[in-house]
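S.K.: Provided herewith is a single structure, encoded as structure tokens, for subsequent inquiry.
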Number of protein chains: 2
Amino acid sequence: MDNSESDFTDFTIGIIGLGLMGGSYAKALKNAGVQHIIGIDKNLQTVEQALAENLIETGDICGDDALKNADLLIFCLPASDMIAFIHQYQTNFKSDAILTDIAGIKGDTIHIIQQLLCHEMDFIPGHPMAGREGSGLSQSDASIFRGANYILIPQKKNKIENIRLIGRIAKEIGCGHVIQVTAEEHDRMIAYTSSLPHVVATALVNSNSMDVRTKYFVAGSFRDGTRVADINARLWTQLFMENKKNLLEEINRFKNSLEDFTELLVNSDKDKMMEYLEKAAVRRRELTRGKHTC
Amino acid sequence: MDNSESDFTDFTIGIIGLGLMGGSYAKALKNAGVQHIIGIDKNLQTVEQALAENLIETGDICGDDALKNADLLIFCLPASDMIAFIHQYQTNFKSDAILTDIAGIKGDTIHIIQQLLCHEMDFIPGHPMAGREGSGLSQSDASIFRGANYILIPQKKNKIENIRLIGRIAKEIGCGHVIQVTAEEHDRMIAYTSSLPHVVATALVNSNSMDVRTKYFVAGSFRDGTRVADINARLWTQLFMENKKNLLEEINRFKNSLEDFTELLVNSDKDKMMEYLEKAAVRRRELTRGKHTC
């Protein structure tokens, strides 16, 4: 079967992990017309909730039997749990199942899974740049994919039609741009565009200046700048640690940029500060318009 | 007249400065039922645009004659321009006119204006914690006040009914909470809740890591965290410089908070990092819910 042109809405799709991301996938795939969605979550209550809300057709708490008809498996689990799940249950997958994931940091994960997989299974690593505050199925929302960037990290072994398939599904659930990079490049870029803003947001609210009256003085700048400080602490501790080297580099570069500003303030250098801020304004506008050239 | 209970929609209100904020006031006051709005802007084209859009009843490029019937004057100008305007034109104001402003940093402004004012005029300093990206009348939007904090900085000389009036107008245009503080407290709080997030946002996009491909890797965290980096460089350079001492203190406290995180990362201290992030999550949630207690 040439999956690059096939209608994926006929696929049976298994989603492993029905948290914020897994639940959002289920909702978005349903909206895109997929009829057969299998949901797996170790928490029985979560599976029952997903069934009650009609997000999945069938569900289970493990991969013993439930995934045997799944053409595509989407892993919405922390990387270590994904590896453990594949190790334990892959003999129960279809022999030509396509696998993809959403792990925020790639590290060695891809290599480990490639070594692990048997038969004709094909693992296409992915990372939708989508999310929202909080965690869990109740926070899931199909709209998080709307206009989002979707990063694919294709491997030499991957079938070209399967890479295209994952890209096409990304577009169908609402993503704006699909880009392909290496795992190393992915982790380096993500340290700047995702991990760093989370670190900065938490550092802002953890400043000693926060007190009981702060809430009466906040404006949109503080609200937006700290939105992601309402963070899933366990998940992000893991992501930060897995990408330690890149993240430390990004924190340093950010500190240097902040130091440039601070020096201008200390020296009351109005002209240079205007230049600094104007540069930021131009960069931000070009980023939004997709015309960044510096 | 006891303004605390009077219907301000019968007032003739003068707005001096028809930029983003002045234009937003005109739109919001109109929505609240105010019929007589006078608009002043040194730029004739801006005045004509406001007239054409029916945001103001009459308009002018100076205060020679236009404001003589205004019961309330709202200054939406940089502090130095406001002082110059009052100095030049106050003999043409009503003798019992009520004045208010929106200057982001108070510094000596209040004292200077109090010294300047003659007759029975009453200046109630204010600061709506509202705004949006960009500048100019075309960017103005009545909805920026929705749910916003509104800070009043009442002075001993102020009539209590006039303080109440400004607070009531703030609520009528959509603001969520009105708080009263001293000028010193205002400037100290604002350095944390408004200036600092602007500095952090510009430092994020001015990092050396920004390049032509960044746009394909950004997620909501980067987008929201840098929204205000699309900054009015001239205005904010002035605001930062006027509040230099407080802002330097806030940058230092933020740096300490960021350093706390960085140490945990360097030491791979997962447990303490989870605590750090959980503290941030709790603070952010309580901030939003208005229940912050730490």
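Residues in the structure tokens are named by chain (A, B, ... in the order shown) and by number from 1 within that chain; ligands are numbered from 1 in the order shown.
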Enumerate as a PDB file with N, CA and C atoms, in the first residue's frame the residues belonging to chain B that approach chain A to within 6 Å, with only C-alpha atoms taken into account.

M.R.:
```pdb
ATOM      1  N   MET B 129      -3.614  49.167  33.540  1.00  0.00           N
ATOM      2  CA  MET B 129      -2.635  48.138  33.152  1.00  0.00           C
ATOM      3  C   MET B 129      -3.132  47.438  31.892  1.00  0.00           C
ATOM      4  N   ASN B 149      -6.323  45.491  35.365  1.00  0.00           N
ATOM      5  CA  ASN B 149      -6.142  46.216  36.619  1.00  0.00           C
ATOM      6  C   ASN B 149      -6.042  47.706  36.325  1.00  0.00           C
ATOM      7  N   THR B 193       6.047  44.018  37.355  1.00  0.00           N
ATOM      8  CA  THR B 193       4.906  43.423  36.638  1.00  0.00           C
ATOM      9  C   THR B 193       4.750  43.920  35.205  1.00  0.00           C
ATOM     10  N   PRO B 197       8.844  42.148  32.337  1.00  0.00           N
ATOM     11  CA  PRO B 197       8.434  41.237  31.247  1.00  0.00           C
ATOM     12  C   PRO B 197       8.737  41.797  29.847  1.00  0.00           C
ATOM     13  N   THR B 202      12.237  41.166  25.049  1.00  0.00           N
ATOM     14  CA  THR B 202      13.163  41.691  24.034  1.00  0.00           C
ATOM     15  C   THR B 202      14.501  40.949  24.113  1.00  0.00           C
ATOM     16  N   ALA B 203      14.921  40.589  25.340  1.00  0.00           N
ATOM     17  CA  ALA B 203      16.179  39.843  25.475  1.00  0.00           C
ATOM     18  C   ALA B 203      16.057  38.460  24.828  1.00  0.00           C
ATOM     19  N   VAL B 205      14.205  37.588  22.124  1.00  0.00           N
ATOM     20  CA  VAL B 205      14.319  37.637  20.652  1.00  0.00           C
ATOM     21  C   VAL B 205      15.660  38.210  20.207  1.00  0.00           C
ATOM     22  N   ASN B 206      16.336  38.956  21.093  1.00  0.00           N
ATOM     23  CA  ASN B 206      17.652  39.497  20.735  1.00  0.00           C
ATOM     24  C   ASN B 206      18.792  38.528  21.032  1.00  0.00           C
ATOM     25  N   SER B 207      18.462  37.319  21.499  1.00  0.00           N
ATOM     26  CA  SER B 207      19.506  36.303  21.710  1.00  0.00           C
ATOM     27  C   SER B 207      20.188  35.982  20.388  1.00  0.00           C
ATOM     28  N   VAL B 212      17.248  32.542  10.762  1.00  0.00           N
ATOM     29  CA  VAL B 212      16.176  32.502   9.758  1.00  0.00           C
ATOM     30  C   VAL B 212      15.242  31.299   9.907  1.00  0.00           C
ATOM     31  N   LYS B 215      11.614  30.526  13.095  1.00  0.00           N
ATOM     32  CA  LYS B 215      10.150  30.595  12.962  1.00  0.00           C
ATOM     33  C   LYS B 215       9.493  29.230  12.779  1.00  0.00           C
ATOM     34  N   TYR B 216      10.235  28.249  12.277  1.00  0.00           N
ATOM     35  CA  TYR B 216       9.655  26.920  12.066  1.00  0.00           C
ATOM     36  C   TYR B 216       9.680  26.057  13.330  1.00  0.00           C
ATOM     37  N   VAL B 218       9.155  27.605  16.598  1.00  0.00           N
ATOM     38  CA  VAL B 218       8.512  28.248  17.748  1.00  0.00           C
ATOM     39  C   VAL B 218       7.175  27.592  18.057  1.00  0.00           C
ATOM     40  N   ALA B 219       6.901  27.542  19.360  1.00  0.00           N
ATOM     41  CA  ALA B 219       5.607  27.059  19.837  1.00  0.00           C
ATOM     42  C   ALA B 219       4.947  28.194  20.595  1.00  0.00           C
ATOM     43  N   SER B 221       4.763  28.818  23.688  1.00  0.00           N
ATOM     44  CA  SER B 221       5.544  29.376  24.796  1.00  0.00           C
ATOM     45  C   SER B 221       6.437  30.521  24.319  1.00  0.00           C
ATOM     46  N   PHE B 222       7.050  30.358  23.165  1.00  0.00           N
ATOM     47  CA  PHE B 222       7.921  31.406  22.627  1.00  0.00           C
ATOM     48  C   PHE B 222       7.081  32.569  22.102  1.00  0.00           C
ATOM     49  N   ASP B 224       3.998  33.561  23.011  1.00  0.00           N
ATOM     50  CA  ASP B 224       3.421  34.359  24.099  1.00  0.00           C
ATOM     51  C   ASP B 224       4.500  35.081  24.893  1.00  0.00           C
ATOM     52  N   GLY B 225       5.616  34.373  25.139  1.00  0.00           N
ATOM     53  CA  GLY B 225       6.684  34.950  25.944  1.00  0.00           C
ATOM     54  C   GLY B 225       7.370  36.134  25.287  1.00  0.00           C
ATOM     55  N   ALA B 229       7.675  41.907  22.751  1.00  0.00           N
ATOM     56  CA  ALA B 229       8.951  42.327  22.153  1.00  0.00           C
ATOM     57  C   ALA B 229       8.695  43.198  20.924  1.00  0.00           C
ATOM     58  N   ASP B 230       7.501  43.108  20.355  1.00  0.00           N
ATOM     59  CA  ASP B 230       7.095  44.038  19.286  1.00  0.00           C
ATOM     60  C   ASP B 230       6.737  45.357  19.990  1.00  0.00           C
ATOM     61  N   ILE B 231       7.785  46.077  20.352  1.00  0.00           N
ATOM     62  CA  ILE B 231       7.695  47.144  21.348  1.00  0.00           C
ATOM     63  C   ILE B 231       7.780  48.532  20.695  1.00  0.00           C
ATOM     64  N   ALA B 233       9.665  51.395  20.734  1.00  0.00           N
ATOM     65  CA  ALA B 233      11.028  51.585  21.259  1.00  0.00           C
ATOM     66  C   ALA B 233      11.205  52.943  21.946  1.00  0.00           C
ATOM     67  N   ARG B 253      16.855  40.672  40.721  1.00  0.00           N
ATOM     68  CA  ARG B 253      16.081  39.611  41.382  1.00  0.00           C
ATOM     69  C   ARG B 253      15.722  38.504  40.400  1.00  0.00           C
ATOM     70  N   PHE B 254      15.375  38.903  39.161  1.00  0.00           N
ATOM     71  CA  PHE B 254      15.073  37.908  38.130  1.00  0.00           C
ATOM     72  C   PHE B 254      16.310  37.063  37.825  1.00  0.00           C
ATOM     73  N   SER B 257      16.773  34.478  40.399  1.00  0.00           N
ATOM     74  CA  SER B 257      15.809  33.401  40.245  1.00  0.00           C
ATOM     75  C   SER B 257      16.243  32.462  39.113  1.00  0.00           C
ATOM     76  N   LEU B 258      16.710  33.052  38.013  1.00  0.00           N
ATOM     77  CA  LEU B 258      17.205  32.258  36.871  1.00  0.00           C
ATOM     78  C   LEU B 258      18.455  31.476  37.276  1.00  0.00           C
ATOM     79  N   MET B 274      12.048  19.874  40.375  1.00  0.00           N
ATOM     80  CA  MET B 274      10.599  19.646  40.434  1.00  0.00           C
ATOM     81  C   MET B 274       9.953  20.616  41.424  1.00  0.00           C
ATOM     82  N   LEU B 277       9.846  24.125  39.900  1.00  0.00           N
ATOM     83  CA  LEU B 277       8.804  24.248  38.868  1.00  0.00           C
ATOM     84  C   LEU B 277       7.406  24.176  39.478  1.00  0.00           C
ATOM     85  N   GLU B 278       7.255  23.332  40.484  1.00  0.00           N
ATOM     86  CA  GLU B 278       5.948  23.217  41.134  1.00  0.00           C
ATOM     87  C   GLU B 278       5.586  24.522  41.843  1.00  0.00           C
ATOM     88  N   ALA B 280       6.538  27.462  40.900  1.00  0.00           N
ATOM     89  CA  ALA B 280       6.151  28.388  39.822  1.00  0.00           C
ATOM     90  C   ALA B 280       4.714  28.115  39.374  1.00  0.00           C
ATOM     91  N   ALA B 281       4.378  26.830  39.225  1.00  0.00           N
ATOM     92  CA  ALA B 281       3.034  26.463  38.750  1.00  0.00           C
ATOM     93  C   ALA B 281       1.970  26.935  39.735  1.00  0.00           C
ATOM     94  N   ARG B 284       1.682  30.744  39.623  1.00  0.00           N
ATOM     95  CA  ARG B 284       1.029  31.220  38.402  1.00  0.00           C
ATOM     96  C   ARG B 284      -0.472  30.970  38.453  1.00  0.00           C
ATOM     97  N   LEU B 287      -2.064  33.351  40.895  1.00  0.00           N
ATOM     98  CA  LEU B 287      -2.078  34.704  40.313  1.00  0.00           C
ATOM     99  C   LEU B 287      -3.310  34.880  39.435  1.00  0.00           C
ATOM    100  N   HIS B 292      -3.455  34.504  45.241  1.00  0.00           N
ATOM    101  CA  HIS B 292      -2.042  34.356  45.563  1.00  0.00           C
ATOM    102  C   HIS B 292      -1.776  34.622  47.040  1.00  0.00           C
ATOM    103  N   THR B 293      -1.106  33.683  47.699  1.00  0.00           N
ATOM    104  CA  THR B 293      -0.916  33.829  49.151  1.00  0.00           C
ATOM    105  C   THR B 293       0.534  33.769  49.583  1.00  0.00           C
TER     106      THR B 293
END
```

S.K.: Among range 75-289 of chain A, which residues does DSSP mark as alpha helix (DSSP H) when it is run on the backbone? Keep the chain and numbering as in the structure and answer as number ranges by chain.

M.R.: A: 79-89, 109-116, 160-172, 183-190, 196-205, 220-225, 233-242, 244-266, 270-289

S.K.: Pick out the closest residue to Lys42 in chain B from this set: B:Asp81, B:Asp187, B:Asp71, B:Asp10. Count only C-alpha atoms.

M.R.: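 For Lys42 in chain B, the nearest of the given residues is B:Asp81.
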
S.K.: Please compute the CA of Lys106 in chain A-CA of Thr91 in chain A distance, one decimal, in Å.

M.R.: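 About the pair CA of Lys106 in chain A and CA of Thr91 in chain A: they are 24.1 Å apart.
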